[in-house]
Amino acid sequence: MKVDQLSIFLENRAGRLAEVTRILAESGVNIRALSLADTSDFGILRLIVSDFDKAKENLKAGGFTVGRTTVVAVEVPDKPGGLHSILDMLRNAKINVEYMYAFVNQSGAHAIIIFRFDRTDQAIELLQQNKIDIVPGERLYKM
Amino acid sequence: MIFDVENETMPREELKQLQLRRLQDLVARVYENVPFYRKKLDERGVKPEHIQQLSDVSLLPFTEKQDLRNHYPFGLFAVSRENIVRIHSSSGTTGKATVVGYTRRDIKNWGQMVARCLAAAGAHGGDFVHNAYGYGLFTGGLGVHYGAEELGATVIPISGGGTRRQAMLLRDFGATVLTCTPSYALHLCEAAKEMGIDIRELPLRIGIFGAEPWTDSMRTEIENKLGITAIDIYGLSEIMGPGVAIECAKVKKGLHIQEDHFLAEIIDPDTGDQMKPGEVGELVFTTLTKEGIPLLRYRTRDLSRLNTAPCRCGRTTARMERVTGRSDDMLIIRGVNVFPSQIETILLETEGLTPHYQLIVTRAGNLDNMEVRVEVDENVFSDQVKNLQRLESKIEKNIKEFLGVTAKCKLVEPKGIERSEGKAKRIIDMRKEQA
């Protein structure tokens, strides 16, 4: 039920992001989803990719500091209130969302939201109890 | 004005005799009372009676800053603790500070030496001394304080910080002498200007600046902006504190060393051999009269040269040239001594960090800024911004706490730190280029 996310440390200067995408392109790795958190000095790039191990290995070889983070991908109906019902449920269970980002699936009927929770296992349990569709990693990587 | 005519203008032959007598007494004292020196002298087969002439000083062992650290805190004291009336200490990570102790007579001698310095700078009894050196374990504040009282001046023990208030009191009290670091003098001037105070219009006449290296162009800038005479004072806590040497206002060419109390040598920092007269090398001091923690041939790591030619001011004491550099990698940041190794220790003690770091020192306006760049590896990396920012502030807090200087921490990518021939360049000091 979990998804491996690649996190990459980037200095905040021109060309660093392009260096990451160059390495991924040359490795034949496809990016499924991404988000970038930035401060004045540095940024953290978070990626869901088609081949986690290959991407990690090649980025490390390219001199980047990379990490593996467990996140959860949730399918949300692409309509008003779709996201809210999920966040409401999490709030009631006092599960904190550290960060999240979304992308719209090609089929168009659903949006996929990537969540980083403070308590991942409890969050999965809660979502399953409430019949929320969780996208397994294997499916997401191949999308 | 010469405060102590007898000792400051003594004919050099007579001065050398006095130095020899005091050196003989010193070696006998440390041999008797300091196990560290007894061992060192025994190893070299030197007995106190071997000191027959002043040049025999070269028989004596050197003392390094590390020796003080190794005997932390009181291991090199030559008198029992009850005879120590004051302790001072340099900054340093826990357990690595250098601690010095003063007897009642040491404090009295120190006060007289600082009084001589103030007089050489042109101050006199009745002057109003705004003392903005830090009070506390640092020798600057109390050192100048006692000297100013000895001279018969009125001291304003304002210490460091609170710059706007300093500017206000400088105006309201009408101080005539300012004592602080040279960079702080310019900072104070800027702050005063913002408050509509022009220091040039105040009674302030003399500035006595030390505790950090400065240049002649900085002197000109200070003299113009503050409308004062700016004088260089030299000292270090291991030897005594401020007042080891002072420029005379009359000539302002070299700093007169208090030679009746300190024997100065210039050595080759690599071989330890004495340099020829007039050559630049490392300044080494032997404390001739100090009782609390007397030191033989203390290596200052400051580069300078000596001039024994008579000075037009009338003093016969040797003059050391303004310190031009260091023979080690010590940095002076806003008057605080910082060794890169101390930063390294702090980083290593901060969980998970590898010591891949770089120090970038710049001067913005008149204040030094230090940035510590640290490489982020997998051990400390996090996918969350808050964790990395917490790491940055933890490093900043530890540096502030242990070293007493404010630094900005910046996380960089691995190999983000420039390496030359495989070796990382630890320090980039851009102040000289900017000056």
# chains A, B, ... in the order shown; residues from 1 in each chain; ligands from 1
$ interface_residues --of "chain A" --to "chain B" --cutoff "8 Å" --atoms "only C-alpha atoms" --output "JSON, numbers by chain"
{"A": [7, 8, 9, 10, 11, 37, 38, 39, 41, 42, 43, 44, 46, 63, 64, 65, 66, 67, 69, 98]}
$ select_by_dssp --residues "range 18-103 of chain A" --states "helix (DSSP H, G or I)" --output "VMD selection string"
chain A and resid 18 to 27 52 to 61 82 to 92
$ select_by_dssp --residues "chain A" --states "strand (DSSP E or B)" --output "PyMOL selection string"
chain A and resi 3-11+31-38+42-49+66-77+97-104+110-117+134-135
$ write_last_selection --atoms "C-alpha atoms" --output "short mmCIF file (atom, residue, chain, number, x, y, z; two decimals), in the first residue's frame"
data_model
loop_
_atom_site.label_atom_id
_atom_site.label_comp_id
_atom_site.auth_asym_id
_atom_site.auth_seq_id
_atom_site.Cartn_x
_atom_site.Cartn_y
_atom_site.Cartn_z
CA VAL A 3 4.91 4.16 -2.26
CA ASP A 4 8.64 4.86 -2.39
CA GLN A 5 9.42 8.48 -2.95
CA LEU A 6 12.83 9.73 -3.92
CA SER A 7 13.95 12.86 -2.03
CA ILE A 8 16.88 14.85 -3.35
CA PHE A 9 18.82 17.66 -1.68
CA LEU A 10 19.45 20.60 -3.98
CA GLU A 11 21.36 23.80 -3.45
CA ILE A 31 8.87 10.92 -13.59
CA ARG A 32 5.34 10.15 -12.40
CA ALA A 33 4.89 12.99 -9.96
CA LEU A 34 7.01 15.63 -8.33
CA SER A 35 7.05 18.46 -5.85
CA LEU A 36 9.74 20.89 -4.81
CA ALA A 37 10.04 22.44 -1.36
CA ASP A 38 12.33 25.42 -1.26
CA PHE A 42 18.27 24.92 -0.45
CA GLY A 43 15.45 22.85 -1.86
CA ILE A 44 14.17 19.32 -1.49
CA LEU A 45 12.94 17.69 -4.67
CA ARG A 46 10.49 14.82 -4.17
CA LEU A 47 9.85 12.44 -7.00
CA ILE A 48 7.82 9.37 -7.75
CA VAL A 49 9.60 7.60 -10.60
CA VAL A 66 19.16 11.15 -2.02
CA GLY A 67 16.80 9.56 0.43
CA ARG A 68 13.89 7.12 0.40
CA THR A 69 10.66 8.24 1.98
CA THR A 70 7.51 6.22 2.39
CA VAL A 71 4.43 8.03 1.16
CA VAL A 72 0.85 7.04 0.43
CA ALA A 73 -0.94 7.65 -2.88
CA VAL A 74 -4.66 8.11 -2.63
CA GLU A 75 -7.20 8.23 -5.40
CA VAL A 76 -9.58 11.08 -4.89
CA PRO A 77 -12.73 11.70 -6.90
CA VAL A 97 0.00 15.67 6.92
CA GLU A 98 3.64 16.70 6.66
CA TYR A 99 3.20 17.60 3.00
CA MET A 100 1.22 16.52 -0.03
CA TYR A 101 1.08 17.03 -3.76
CA ALA A 102 -1.34 16.02 -6.46
CA PHE A 103 -1.54 15.07 -10.07
CA VAL A 104 -4.46 14.23 -12.30
CA HIS A 110 -9.64 10.78 -10.42
CA ALA A 111 -6.89 12.90 -9.02
CA ILE A 112 -4.03 11.14 -7.26
CA ILE A 113 -2.73 12.75 -4.12
CA ILE A 114 0.61 11.81 -2.62
CA PHE A 115 0.63 12.16 1.16
CA ARG A 116 3.51 12.21 3.60
CA PHE A 117 2.01 11.45 7.02
CA ILE A 134 -5.09 3.62 -2.14
CA VAL A 135 -2.88 3.23 -5.16
#
$ residues_around --residues "Leu202 in chain B" --least-positions-apart "6" --cutoff "10 Å" --atoms "only C-alpha atoms" --output "MDAnalysis selection string"
chainID B and resid 170:176 226:228
$ closest_residue --among "B:Ala167, B:Leu295, B:Leu288, B:Ala119" --to "Ile208 in chain B" --atoms "only C-alpha atoms"
B:Ala119
$ residues_around --residues "Leu137 in chain B" --least-positions-apart "5" --cutoff "10 Å" --atoms "only C-alpha atoms" --output "PyMOL selection string"
chain B and resi 86-91+99-100+142+237
$ write_last_selection --atoms "C-alpha atoms" --output "PDB file, in the first residue's frame"
ATOM      1  CA  ARG B  86      41.416  36.662  39.452  1.00  0.00           C
ATOM      2  CA  ILE B  87      40.789  34.165  36.654  1.00  0.00           C
ATOM      3  CA  HIS B  88      40.376  35.014  32.984  1.00  0.00           C
ATOM      4  CA  SER B  89      39.788  32.634  30.130  1.00  0.00           C
ATOM      5  CA  SER B  90      39.756  32.636  26.383  1.00  0.00           C
ATOM      6  CA  SER B  91      36.812  31.279  24.455  1.00  0.00           C
ATOM      7  CA  VAL B  99      42.634  29.651  31.592  1.00  0.00           C
ATOM      8  CA  VAL B 100      44.940  32.194  33.190  1.00  0.00           C
ATOM      9  CA  LEU B 142      38.638  44.521  33.039  1.00  0.00           C
ATOM     10  CA  SER B 237      45.281  36.715  27.537  1.00  0.00           C
TER      11      SER B 237
END
$ closest_residue --among "B:Tyr357, B:Tyr72, B:Phe128, B:Tyr184" --to "Gly101 in chain B" --atoms "only C-alpha atoms"
B:Tyr72
$ atom_distance --atom1 "CA of Lys65 in chain B" --atom2 "CA of Trp214 in chain B"
22.9 Å
$ closest_residue --among "A:Asn105, A:Ser50, A:Asn58, A:Gln122" --to "Glu138 in chain A" --atoms "only C-alpha atoms"
A:Ser50
$ residues_around --residues "Glu223 in chain B" --least-positions-apart "5" --cutoff "10 Å" --atoms "only C-alpha atoms" --output "list in words"
Leu186, Arg200, Arg205, Ile206, Gly207, Ser217, Met218, Ile228, Thr229, Ala230 and Ile231 of chain B
$ residues_around --residues "Met240 in chain B" --least-positions-apart "4" --cutoff "12 Å" --atoms "only C-alpha atoms" --output "PyMOL selection string"
chain B and resi 86-90+99-103+106-111+113-114+138-140+142-144+234-236+244-245+258+261-262+285-295+298
$ write_last_selection --atoms "C-alpha atoms" --output "tab-separated table (two decimals), in the first residue's frame"
chain	number	residue	atom	x	y	z
B	86	ARG	CA	41.42	36.66	39.45
B	87	ILE	CA	40.79	34.17	36.65
B	88	HIS	CA	40.38	35.01	32.98
B	89	SER	CA	39.79	32.63	30.13
B	90	SER	CA	39.76	32.64	26.38
B	99	VAL	CA	42.63	29.65	31.59
B	100	VAL	CA	44.94	32.19	33.19
B	101	GLY	CA	45.26	33.31	36.81
B	102	TYR	CA	46.55	36.53	38.34
B	103	THR	CA	48.03	37.23	41.76
B	106	ASP	CA	49.98	40.58	38.64
B	107	ILE	CA	46.79	42.65	38.71
B	108	LYS	CA	48.71	45.67	39.97
B	109	ASN	CA	51.43	45.29	37.32
B	110	TRP	CA	48.81	44.86	34.63
B	111	GLY	CA	46.98	47.99	35.73
B	113	MET	CA	51.06	48.62	32.15
B	114	VAL	CA	47.64	49.58	30.80
B	138	PHE	CA	37.62	38.07	28.29
B	139	THR	CA	40.61	40.15	29.43
B	140	GLY	CA	39.71	43.25	27.39
B	142	LEU	CA	38.64	44.52	33.04
B	143	GLY	CA	42.18	44.97	31.72
B	144	VAL	CA	41.47	48.43	30.34
B	234	TYR	CA	48.33	44.72	21.54
B	235	GLY	CA	47.85	41.95	24.02
B	236	LEU	CA	46.79	38.38	24.53
B	244	VAL	CA	51.51	44.07	26.28
B	245	ALA	CA	52.43	46.71	23.69
B	258	GLN	CA	56.59	46.58	28.01
B	261	HIS	CA	57.81	42.73	32.06
B	262	PHE	CA	58.10	40.76	28.82
B	285	PHE	CA	57.02	36.25	24.73
B	286	THR	CA	58.49	35.22	28.05
B	287	THR	CA	56.64	36.72	31.02
B	288	LEU	CA	59.42	38.05	33.23
B	289	THR	CA	57.41	39.19	36.24
B	290	LYS	CA	54.18	37.25	36.12
B	291	GLU	CA	53.44	35.18	39.20
B	292	GLY	CA	50.09	33.46	38.59
B	293	ILE	CA	50.86	31.72	35.33
B	294	PRO	CA	54.37	32.62	34.17
B	295	LEU	CA	55.15	31.34	30.67
B	298	TYR	CA	55.03	31.53	24.58
$ atom_distance --atom1 "CA of Cys311 in chain B" --atom2 "CA of Ile239 in chain B"
24.4 Å
$ atom_distance --atom1 "CA of Ala18 in chain A" --atom2 "CA of Leu140 in chain A"
23.8 Å
$ residues_around --residues "Arg315 in chain B" --least-positions-apart "6" --cutoff "10 Å" --atoms "only C-alpha atoms" --output "ChimeraX atom specification"
/B:2,4-11,120,248,256
$ write_last_selection --atoms "C-alpha atoms" --output "mmCIF file, in the first residue's frame"
data_model
loop_
_atom_site.group_PDB
_atom_site.id
_atom_site.type_symbol
_atom_site.label_atom_id
_atom_site.label_comp_id
_atom_site.auth_asym_id
_atom_site.auth_seq_id
_atom_site.Cartn_x
_atom_site.Cartn_y
_atom_site.Cartn_z
ATOM 1 C CA ILE B 2 55.177 59.023 29.786
ATOM 2 C CA ASP B 4 56.473 55.460 34.129
ATOM 3 C CA VAL B 5 59.550 57.422 33.117
ATOM 4 C CA GLU B 6 61.985 55.162 34.968
ATOM 5 C CA ASN B 7 60.919 51.937 33.288
ATOM 6 C CA GLU B 8 59.844 53.242 29.904
ATOM 7 C CA THR B 9 62.957 55.279 29.187
ATOM 8 C CA MET B 10 65.600 53.101 30.846
ATOM 9 C CA PRO B 11 68.865 52.930 28.869
ATOM 10 C CA ALA B 120 51.273 56.703 25.486
ATOM 11 C CA CYS B 248 52.793 56.079 21.037
ATOM 12 C CA HIS B 256 56.251 49.766 22.340
#
